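Note: the block below is my_file_17.cif and it holds mmCIF, C-alpha atoms (C1' of nucleotides).
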```cif
data_entry
loop_
_atom_site.label_atom_id
_atom_site.label_comp_id
_atom_site.auth_asym_id
_atom_site.auth_seq_id
_atom_site.Cartn_x
_atom_site.Cartn_y
_atom_site.Cartn_z
CA MET K 301 -4.80 9.60 3.28
CA ILE K 302 -1.62 8.59 1.49
CA TYR K 303 -0.50 5.16 2.60
CA SER K 304 2.82 4.75 4.34
CA SER K 305 5.28 3.41 1.84
CA GLU K 306 5.89 0.15 3.64
CA LEU K 307 2.31 -0.90 2.94
CA ILE K 308 2.74 -0.60 -0.77
CA LYS K 309 5.88 -2.69 -0.75
CA GLY K 310 5.26 -6.03 -2.31
CA THR K 311 2.07 -4.98 -4.07
CA LEU K 312 3.62 -3.02 -6.94
CA LYS K 313 4.05 -5.94 -9.32
CA THR K 314 0.54 -7.18 -8.64
CA ILE K 315 -0.86 -3.73 -9.43
CA ILE K 316 1.11 -3.48 -12.67
CA LEU K 317 0.04 -6.93 -13.81
CA LYS K 318 -3.62 -6.28 -13.02
CA LEU K 319 -3.64 -3.05 -15.00
CA LEU K 320 -2.01 -4.76 -17.96
CA LYS K 321 -4.50 -7.60 -17.75
CA ASP K 322 -7.36 -5.12 -18.19
CA ASN K 323 -5.71 -2.79 -20.66
CA LYS K 324 -3.73 -4.95 -23.09
CA ARG K 325 -0.89 -2.45 -23.26
CA MET K 326 0.20 0.55 -21.24
CA TYR K 327 3.33 2.63 -20.86
CA GLY K 328 5.06 3.47 -17.61
CA TYR K 329 3.93 7.02 -17.13
CA GLU K 330 0.40 6.01 -17.99
CA ILE K 331 0.48 3.38 -15.23
CA THR K 332 1.47 5.94 -12.59
CA GLN K 333 -1.33 8.25 -13.69
CA ARG K 334 -3.94 5.52 -13.87
CA VAL K 335 -3.13 4.25 -10.38
CA LYS K 336 -3.17 7.77 -8.97
CA GLU K 337 -6.54 8.37 -10.61
CA LEU K 338 -8.10 5.03 -9.66
CA THR K 339 -7.03 5.39 -6.03
CA GLN K 340 -7.85 9.08 -5.78
CA ASP K 341 -4.22 9.91 -5.07
CA ARG K 342 -3.91 7.36 -2.27
CA ILE K 343 -1.33 5.30 -4.13
CA GLN K 344 1.29 7.28 -5.96
CA LEU K 345 3.84 5.12 -7.71
CA THR K 346 7.27 6.68 -7.99
CA GLU K 347 9.24 6.34 -11.17
CA GLY K 348 12.24 5.07 -9.24
CA ALA K 349 10.17 2.08 -8.15
CA LEU K 350 8.12 1.59 -11.29
CA TYR K 351 10.71 1.48 -14.04
CA PRO K 352 13.02 -1.04 -12.35
CA SER K 353 9.98 -3.25 -11.70
CA LEU K 354 8.89 -3.09 -15.32
CA HIS K 355 12.43 -3.94 -16.43
CA ALA K 356 12.53 -6.90 -14.04
CA LEU K 357 9.17 -8.20 -15.26
CA GLU K 358 10.37 -7.93 -18.82
CA ALA K 359 13.62 -9.73 -17.98
CA ASP K 360 11.56 -12.52 -16.44
CA GLY K 361 9.60 -12.97 -19.65
CA ILE K 362 6.38 -11.78 -18.03
CA LEU K 363 6.08 -8.61 -20.07
CA THR K 364 6.88 -7.81 -23.68
CA THR K 365 7.56 -4.33 -25.04
CA GLU K 366 6.93 -2.23 -28.11
CA THR K 367 8.58 1.15 -28.51
CA GLU K 368 6.69 3.89 -30.31
CA TYR K 369 7.28 7.52 -31.05
CA ILE K 370 4.71 10.18 -30.33
CA GLY K 371 6.21 13.00 -32.32
CA LYS K 372 9.84 12.85 -31.22
CA ARG K 373 9.08 11.53 -27.75
CA VAL K 374 9.60 7.84 -27.09
CA ARG K 375 6.99 5.67 -25.43
CA LYS K 376 7.54 2.09 -24.31
CA TYR K 377 4.40 0.01 -24.24
CA TYR K 378 4.25 -3.06 -22.03
CA SER K 379 1.99 -6.09 -22.54
CA LEU K 380 1.52 -9.43 -20.82
CA SER K 381 3.24 -12.38 -22.48
CA PRO K 382 1.40 -15.74 -22.40
CA LYS K 383 3.49 -16.61 -19.36
CA GLY K 384 2.57 -13.21 -17.94
CA LYS K 385 -1.13 -13.97 -18.20
CA THR K 386 -0.69 -17.10 -16.13
CA VAL K 387 1.49 -15.33 -13.57
CA THR K 388 -1.05 -12.52 -13.31
CA LYS K 389 -3.89 -14.88 -12.45
CA GLU K 390 -1.75 -16.55 -9.81
CA LYS K 391 -0.63 -13.25 -8.30
CA ILE K 392 -4.12 -11.82 -8.07
CA SER K 393 -5.50 -14.97 -6.57
CA GLU K 394 -2.64 -15.15 -4.08
CA PHE K 395 -3.21 -11.55 -3.13
CA ALA K 396 -6.94 -12.10 -2.65
CA ASP K 397 -6.18 -15.03 -0.39
CA PHE K 398 -3.63 -12.97 1.52
CA MET K 399 -6.14 -10.16 2.02
CA SER K 400 -8.69 -12.50 3.51
CA THR K 401 -6.09 -13.95 5.85
CA MET K 402 -5.04 -10.47 6.94
CA LYS K 403 -8.63 -9.42 7.40
CA PHE K 404 -9.15 -12.37 9.70
CA LEU K 405 -5.90 -11.76 11.53
CA LEU K 406 -6.63 -8.11 12.17
CA ASP K 407 -10.23 -8.62 13.28
CA ILE K 408 -9.70 -11.58 15.55
CA LYS K 409 -10.21 -11.35 19.29
CA THR K 410 -8.27 -13.91 21.29
CA ASP K 411 -8.05 -12.09 24.60
CA ILE K 412 -9.14 -14.45 27.32
CA ALA K 413 -8.03 -12.25 30.21
CA MET H 717 -0.54 -21.90 0.31
CA ILE H 718 2.37 -20.06 1.87
CA TYR H 719 2.43 -16.47 0.71
CA SER H 720 5.40 -15.20 -1.25
CA SER H 721 7.54 -13.18 1.08
CA GLU H 722 7.09 -9.91 -0.76
CA LEU H 723 3.40 -9.89 0.17
CA ILE H 724 4.14 -9.98 3.86
CA LYS H 725 6.57 -7.09 3.65
CA GLY H 726 5.23 -4.06 5.34
CA THR H 727 2.58 -5.92 7.31
CA LEU H 728 4.80 -7.34 10.04
CA LYS H 729 4.56 -4.40 12.42
CA THR H 730 0.81 -4.15 11.98
CA ILE H 731 0.45 -7.83 12.83
CA ILE H 732 2.62 -7.52 15.94
CA LEU H 733 0.71 -4.48 17.16
CA LYS H 734 -2.67 -6.10 16.60
CA LEU H 735 -1.69 -9.20 18.57
CA LEU H 736 -0.39 -7.07 21.42
CA LYS H 737 -3.57 -5.03 21.38
CA ASP H 738 -5.62 -8.16 22.00
CA ASN H 739 -3.25 -9.92 24.35
CA LYS H 740 -1.79 -7.29 26.65
CA ARG H 741 1.62 -8.90 26.62
CA MET H 742 3.37 -11.49 24.52
CA TYR H 743 6.92 -12.65 23.95
CA GLY H 744 8.62 -13.04 20.61
CA TYR H 745 8.47 -16.78 20.19
CA GLU H 746 4.85 -16.75 21.25
CA ILE H 747 4.05 -14.25 18.50
CA THR H 748 5.55 -16.47 15.80
CA GLN H 749 3.56 -19.46 17.07
CA ARG H 750 0.31 -17.53 17.40
CA VAL H 751 0.52 -16.14 13.88
CA LYS H 752 1.35 -19.55 12.47
CA GLU H 753 -1.62 -21.01 14.31
CA LEU H 754 -4.09 -18.24 13.46
CA THR H 755 -3.19 -18.35 9.78
CA GLN H 756 -2.96 -22.13 9.55
CA ASP H 757 0.71 -21.93 8.62
CA ARG H 758 0.10 -19.43 5.83
CA ILE H 759 2.13 -16.72 7.53
CA GLN H 760 5.31 -17.88 9.18
CA LEU H 761 7.28 -15.09 10.79
CA THR H 762 10.99 -15.66 10.87
CA GLU H 763 13.00 -14.73 13.93
CA GLY H 764 15.42 -12.73 11.84
CA ALA H 765 12.56 -10.45 10.85
CA LEU H 766 10.63 -10.48 14.10
CA TYR H 767 13.27 -9.62 16.70
CA PRO H 768 14.69 -6.60 14.87
CA SER H 769 11.13 -5.32 14.42
CA LEU H 770 10.35 -5.72 18.10
CA HIS H 771 13.56 -3.91 18.98
CA ALA H 772 12.73 -1.09 16.60
CA LEU H 773 9.22 -0.73 18.02
CA GLU H 774 10.68 -0.61 21.52
CA ALA H 775 13.26 1.98 20.48
CA ASP H 776 10.41 4.10 19.07
CA GLY H 777 8.62 4.02 22.40
CA ILE H 778 5.74 2.00 20.99
CA LEU H 779 6.44 -1.11 23.04
CA THR H 780 7.67 -1.62 26.58
CA THR H 781 9.32 -4.77 27.87
CA GLU H 782 9.50 -6.90 30.97
CA THR H 783 12.00 -9.70 31.26
CA GLU H 784 11.06 -12.79 33.17
CA TYR H 785 12.67 -16.11 33.88
CA ILE H 786 10.90 -19.38 33.29
CA GLY H 787 13.25 -21.64 35.17
CA LYS H 788 16.61 -20.51 33.85
CA ARG H 789 15.28 -19.51 30.45
CA VAL H 790 14.73 -15.85 29.74
CA ARG H 791 11.53 -14.51 28.28
CA LYS H 792 11.02 -10.96 27.13
CA TYR H 793 7.44 -9.80 27.27
CA TYR H 794 6.32 -6.93 25.09
CA SER H 795 3.35 -4.62 25.76
CA LEU H 796 1.89 -1.57 24.07
CA SER H 797 2.84 1.76 25.61
CA PRO H 798 0.17 4.50 25.68
CA LYS H 799 1.74 5.87 22.51
CA GLY H 800 1.69 2.32 21.15
CA LYS H 801 -2.04 2.06 21.65
CA THR H 802 -2.59 5.15 19.56
CA VAL H 803 -0.18 4.01 16.87
CA THR H 804 -1.87 0.61 16.75
CA LYS H 805 -5.28 2.08 16.09
CA GLU H 806 -3.85 4.24 13.33
CA LYS H 807 -1.96 1.35 11.73
CA ILE H 808 -4.93 -0.98 11.74
CA SER H 809 -7.23 1.65 10.32
CA GLU H 810 -4.69 2.58 7.67
CA PHE H 811 -4.32 -1.06 6.74
CA ALA H 812 -8.07 -1.57 6.51
CA ASP H 813 -8.30 1.46 4.24
CA PHE H 814 -5.42 0.17 2.16
CA MET H 815 -7.09 -3.23 1.79
CA SER H 816 -10.28 -1.69 0.50
CA THR H 817 -8.33 0.41 -1.98
CA MET H 818 -6.46 -2.66 -3.18
CA LYS H 819 -9.65 -4.65 -3.44
CA PHE H 820 -11.10 -1.99 -5.65
CA LEU H 821 -7.93 -1.70 -7.69
CA LEU H 822 -7.69 -5.42 -8.33
CA ASP H 823 -11.37 -5.89 -9.17
CA ILE H 824 -11.84 -2.93 -11.46
CA LYS H 825 -12.48 -3.34 -15.17
CA THR H 826 -11.44 -0.41 -17.31
CA ASP H 827 -10.96 -2.17 -20.62
CA ILE H 828 -12.95 -0.35 -23.25
CA ALA H 829 -11.54 -2.26 -26.21
"C1'" DG W 708 20.52 -41.27 30.63
"C1'" DT W 709 21.30 -39.54 26.18
"C1'" DC W 710 19.92 -37.40 22.12
"C1'" DC W 711 16.75 -34.71 19.35
"C1'" DA W 712 13.22 -31.32 18.99
"C1'" DA W 713 11.25 -27.45 20.87
"C1'" DT W 714 11.68 -23.23 23.32
"C1'" DA W 715 13.79 -18.56 23.50
"C1'" DC W 716 16.74 -15.10 22.81
"C1'" DA W 717 20.04 -12.48 19.47
"C1'" DT W 718 22.97 -10.82 15.53
"C1'" DA W 719 24.74 -10.33 10.87
"C1'" DA W 720 25.83 -10.81 5.78
"C1'" DG W 721 23.60 -10.45 1.73
"C1'" DA W 722 19.41 -9.75 -1.16
"C1'" DA W 723 15.54 -7.25 -2.57
"C1'" DT W 724 13.06 -3.25 -3.18
"C1'" DC W 725 11.74 1.36 -2.21
"C1'" DT W 726 12.65 6.68 -1.71
"C1'" DG W 727 14.31 10.69 -3.38
"C1'" DA W 728 17.43 12.86 -6.31
"C1'" DT W 729 19.28 13.62 -10.64
"C1'" DG W 730 19.58 13.54 -15.58
"C1'" DT W 731 17.86 14.07 -20.43
"C1'" DA W 732 14.55 15.54 -23.67
"C1'" DT W 733 10.05 16.89 -25.87
"C1'" DA W 734 5.39 19.01 -25.62
"C1'" DT W 735 1.99 22.00 -23.81
"C1'" DT W 736 0.06 25.68 -21.32
"C1'" DT W 737 0.21 30.27 -19.46
"C1'" DA S 1336 9.58 32.94 -22.36
"C1'" DA S 1337 8.94 30.19 -18.59
"C1'" DA S 1338 6.79 26.79 -16.08
"C1'" DT S 1339 4.54 22.53 -16.05
"C1'" DA S 1340 3.54 18.05 -17.88
"C1'" DT S 1341 4.99 14.11 -20.41
"C1'" DA S 1342 8.31 10.24 -20.71
"C1'" DC S 1343 12.16 7.69 -20.26
"C1'" DA S 1344 16.21 6.17 -17.13
"C1'" DT S 1345 19.68 5.46 -13.37
"C1'" DC S 1346 21.71 5.58 -8.78
"C1'" DA S 1347 23.08 6.37 -3.76
"C1'" DG S 1348 21.22 5.42 0.36
"C1'" DA S 1349 17.64 3.52 3.44
"C1'" DT S 1350 14.77 -0.03 4.92
"C1'" DT S 1351 13.49 -4.50 5.70
"C1'" DC S 1352 13.53 -9.20 4.74
"C1'" DT S 1353 15.95 -14.04 4.20
"C1'" DT S 1354 19.05 -17.27 5.65
"C1'" DA S 1355 22.49 -18.62 8.52
"C1'" DT S 1356 24.75 -18.71 12.70
"C1'" DG S 1357 25.24 -18.54 17.65
"C1'" DT S 1358 24.03 -19.50 22.62
"C1'" DA S 1359 21.42 -21.80 26.06
"C1'" DT S 1360 17.54 -24.30 28.49
"C1'" DT S 1361 13.83 -27.69 28.59
"C1'" DG S 1362 11.04 -31.67 27.48
"C1'" DG S 1363 10.13 -35.93 25.38
"C1'" DA S 1364 11.48 -40.19 23.07
"C1'" DC S 1365 13.90 -44.35 23.15
#
```
Can you present the structure in this file as structure tokens?
Amino acid sequence: MIYSSELIKGTLKTIILKLLKDNKRMYGYEITQRVKELTQDRIQLTEGALYPSLHALEADGILTTETEYIGKRVRKYYSLSPKGKTVTKEKISEFADFMSTMKFLLDIKTDIA
Amino acid sequence: MIYSSELIKGTLKTIILKLLKDNKRMYGYEITQRVKELTQDRIQLTEGALYPSLHALEADGILTTETEYIGKRVRKYYSLSPKGKTVTKEKISEFADFMSTMKFLLDIKTDIA
DNA sequence: GTCCAATACATAAGAATCTGATGTATATTT
DNA sequence: AAATATACATCAGATTCTTATGTATTGGAC
């Protein structure tokens, strides 16, 4: 199963931040591959969504970057800033809370008929 | 806690369908109130998001409508069509699967450093 | 008996964010 | 030599949400 795209909307930044929390630094392409691998192809981040998100997080002071060259090919590593570490904790905790609310909402039976 | 709007994106239709699955028929305003109540104000659907979604689901043949008058005030009741019942099961099961993937993704530790 | 809040629908401009395509370039595998 | 993988980036168009606006009825407060 590959999830319909609308489901993934709104979770991209949380996913990025969580990966960076566990891995200190990662580059964009690596993030797409890691997510694909960890979810057994269920979540496939597109570059058109990923790169603008990374740029936005950097512009917000949540991520910092270091550019390196592997041979002649450029690689841009992203890391959490101190602010980013705080934001990450908040985001993950908010998401966990949201999931439990949704779980309740989608399991509930209120039919009295 | 009121969830940041981006989290709710993509879940609106699933929520609507689940409520209609359990309640046979509901009208728009009732849906907003029920969700607010069930989530203790954590999820507050806005009318600007809800009505267009209901219209889209109707246009897709997923919902059927009946208009009734309560006094002089109109009420539009929505119900699942046969197709809608199938779609609802799929959506809920997809969402459940997605939640378990996200749970895994956000709990995982892959830091080897 | 008047006014405010709640009920109940709807639309629309603008914002945000994603898809899918396109572009550039290097490195590796076949 | 060619195809695939790595690695970045941008952009038009689509989708979907927010916020505001609009119309109208009903119920409760004072």
Problem set entry | Point (7.9, -3.4, -4.3), cut-off 10 Å, counting only C-alpha atoms (C1' of nucleotides), residues as JSON, numbers by chain | {"K": [305, 306, 307, 308, 309, 310, 311, 312, 313, 314, 349, 350, 352, 353], "H": [722, 723, 725], "W": [723, 724, 725]}
Exercise. Chain S residues within 9 Å of chain H, counting all atoms listed in the file: which ones, as a PyMOL selection string?
Worked result: chain S and resi 1351-1354+1359-1361
Axis-aligned box over every listed atom of stretch 1340-1348 of chain S, padded by 3 Å per side: centre and edges in Å to one decimal, as AutoDock Vina command-line options?
```
--center_x 13.3 --center_y 11.7 --center_z -10.2 --size_x 25.5 --size_y 18.6 --size_z 27.1
```
Expected selection from the PyMOL selection byres ((chain W) within 12 of (chain H)), given as a short mmCIF file (atom, residue, chain, number, x, y, z; two decimals) with C-alpha atoms (C1' of nucleotides), keeping the file's coordinate frame:
```cif
data_model
loop_
_atom_site.label_atom_id
_atom_site.label_comp_id
_atom_site.auth_asym_id
_atom_site.auth_seq_id
_atom_site.Cartn_x
_atom_site.Cartn_y
_atom_site.Cartn_z
"C1'" DA W 713 11.25 -27.45 20.87
"C1'" DT W 714 11.68 -23.23 23.32
"C1'" DA W 715 13.79 -18.56 23.50
"C1'" DC W 716 16.74 -15.10 22.81
"C1'" DA W 717 20.04 -12.48 19.47
"C1'" DT W 718 22.97 -10.82 15.53
"C1'" DA W 719 24.74 -10.33 10.87
"C1'" DA W 723 15.54 -7.25 -2.57
"C1'" DT W 724 13.06 -3.25 -3.18
"C1'" DC W 725 11.74 1.36 -2.21
#
```
Considering only C-alpha atoms, give me a table of residues in chain H that are at most 8 Å from chain K, with the closest atom pair and distance in Å for each, as JSON lines.
```
{"residue": "H:Tyr719", "atom": "CA", "partner": "K:Phe398", "partner_atom": "CA", "distance": 7.0}
{"residue": "H:Glu722", "atom": "CA", "partner": "K:Gly310", "partner_atom": "CA", "distance": 4.6}
{"residue": "H:Leu723", "atom": "CA", "partner": "K:Gly310", "partner_atom": "CA", "distance": 5.0}
{"residue": "H:Ile724", "atom": "CA", "partner": "K:Gly310", "partner_atom": "CA", "distance": 7.4}
{"residue": "H:Lys725", "atom": "CA", "partner": "K:Gly310", "partner_atom": "CA", "distance": 6.2}
{"residue": "H:Gly726", "atom": "CA", "partner": "K:Glu306", "partner_atom": "CA", "distance": 4.6}
{"residue": "H:Thr727", "atom": "CA", "partner": "K:Leu307", "partner_atom": "CA", "distance": 6.7}
{"residue": "H:Ile731", "atom": "CA", "partner": "K:Leu406", "partner_atom": "CA", "distance": 7.1}
{"residue": "H:Lys734", "atom": "CA", "partner": "K:Leu406", "partner_atom": "CA", "distance": 6.3}
{"residue": "H:Asp738", "atom": "CA", "partner": "K:Asp411", "partner_atom": "CA", "distance": 5.3}
{"residue": "H:Asn739", "atom": "CA", "partner": "K:Asp411", "partner_atom": "CA", "distance": 5.3}
{"residue": "H:Leu754", "atom": "CA", "partner": "K:Leu405", "partner_atom": "CA", "distance": 7.0}
{"residue": "H:Thr755", "atom": "CA", "partner": "K:Thr401", "partner_atom": "CA", "distance": 6.6}
{"residue": "H:Ile808", "atom": "CA", "partner": "K:Leu406", "partner_atom": "CA", "distance": 7.3}
{"residue": "H:Glu810", "atom": "CA", "partner": "K:Tyr303", "partner_atom": "CA", "distance": 7.1}
{"residue": "H:Phe811", "atom": "CA", "partner": "K:Leu307", "partner_atom": "CA", "distance": 7.6}
{"residue": "H:Ala812", "atom": "CA", "partner": "K:Lys403", "partner_atom": "CA", "distance": 7.9}
{"residue": "H:Phe814", "atom": "CA", "partner": "K:Tyr303", "partner_atom": "CA", "distance": 7.0}
{"residue": "H:Met815", "atom": "CA", "partner": "K:Met399", "partner_atom": "CA", "distance": 7.0}
{"residue": "H:Thr817", "atom": "CA", "partner": "K:Thr339", "partner_atom": "CA", "distance": 6.5}
{"residue": "H:Lys819", "atom": "CA", "partner": "K:Ala396", "partner_atom": "CA", "distance": 8.0}
{"residue": "H:Leu821", "atom": "CA", "partner": "K:Leu338", "partner_atom": "CA", "distance": 7.0}
{"residue": "H:Leu822", "atom": "CA", "partner": "K:Lys318", "partner_atom": "CA", "distance": 6.3}
{"residue": "H:Lys825", "atom": "CA", "partner": "K:Asp322", "partner_atom": "CA", "distance": 6.2}
{"residue": "H:Thr826", "atom": "CA", "partner": "K:Asp322", "partner_atom": "CA", "distance": 6.3}
{"residue": "H:Asp827", "atom": "CA", "partner": "K:Asp322", "partner_atom": "CA", "distance": 5.3}
```
For this session: Could you please determine the separation between atom CA of H:Lys752 and atom CA of H:Tyr793 in Å, to one decimal place?
Result: 18.7 Å
For this session: Could you tell me how far atom CA of K:Ala356 lies from atom CA of K:Ile316, in Å and to one decimal?
Result: 12.0 Å
Seminar exercise, completed: Students should find that atom CA of K:Leu354 and atom C1' of S:DG1348 are spaced 21.7 Å
For this session: I would like the residues chosen by the PyMOL selection byres ((chain S and resi 1338-1340) around 12) on the shown file; could you give them as a PyMOL selection string?
Result: (chain K and resi 329+333) or (chain W and resi 733-737) or (chain S and resi 1336-1337+1341-1342)
Problem set entry | From S:DT1350, S:DG1357, S:DA1364, S:DA1344, residue lying nearest W:DT709 [only C-alpha atoms (C1' of nucleotides)] |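 Looking only at the distances to W:DT709, the closest residue turns out to be S:DA1364.
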Problem set entry | Expected selection from the PyMOL selection byres ((chain K and resi 381) around 9), given as a list in words |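 Applying the PyMOL selection byres ((chain K and resi 381) around 9) to the structure shown produces Gly361, Ile362, Leu363, Thr364, Ser379, Leu380, Pro382, Lys383, Gly384, Lys385 and Thr386 of chain K.
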Exercise. If you count all atoms listed in the file, which residues fall within 12 Å of S:DC1346, apart from same-chain ones fewer than 4 positions away, as a list in words?
Worked result: Gly348 and Pro352 of chain K; DT726, DG727, DA728, DT729 and DG730 of chain W
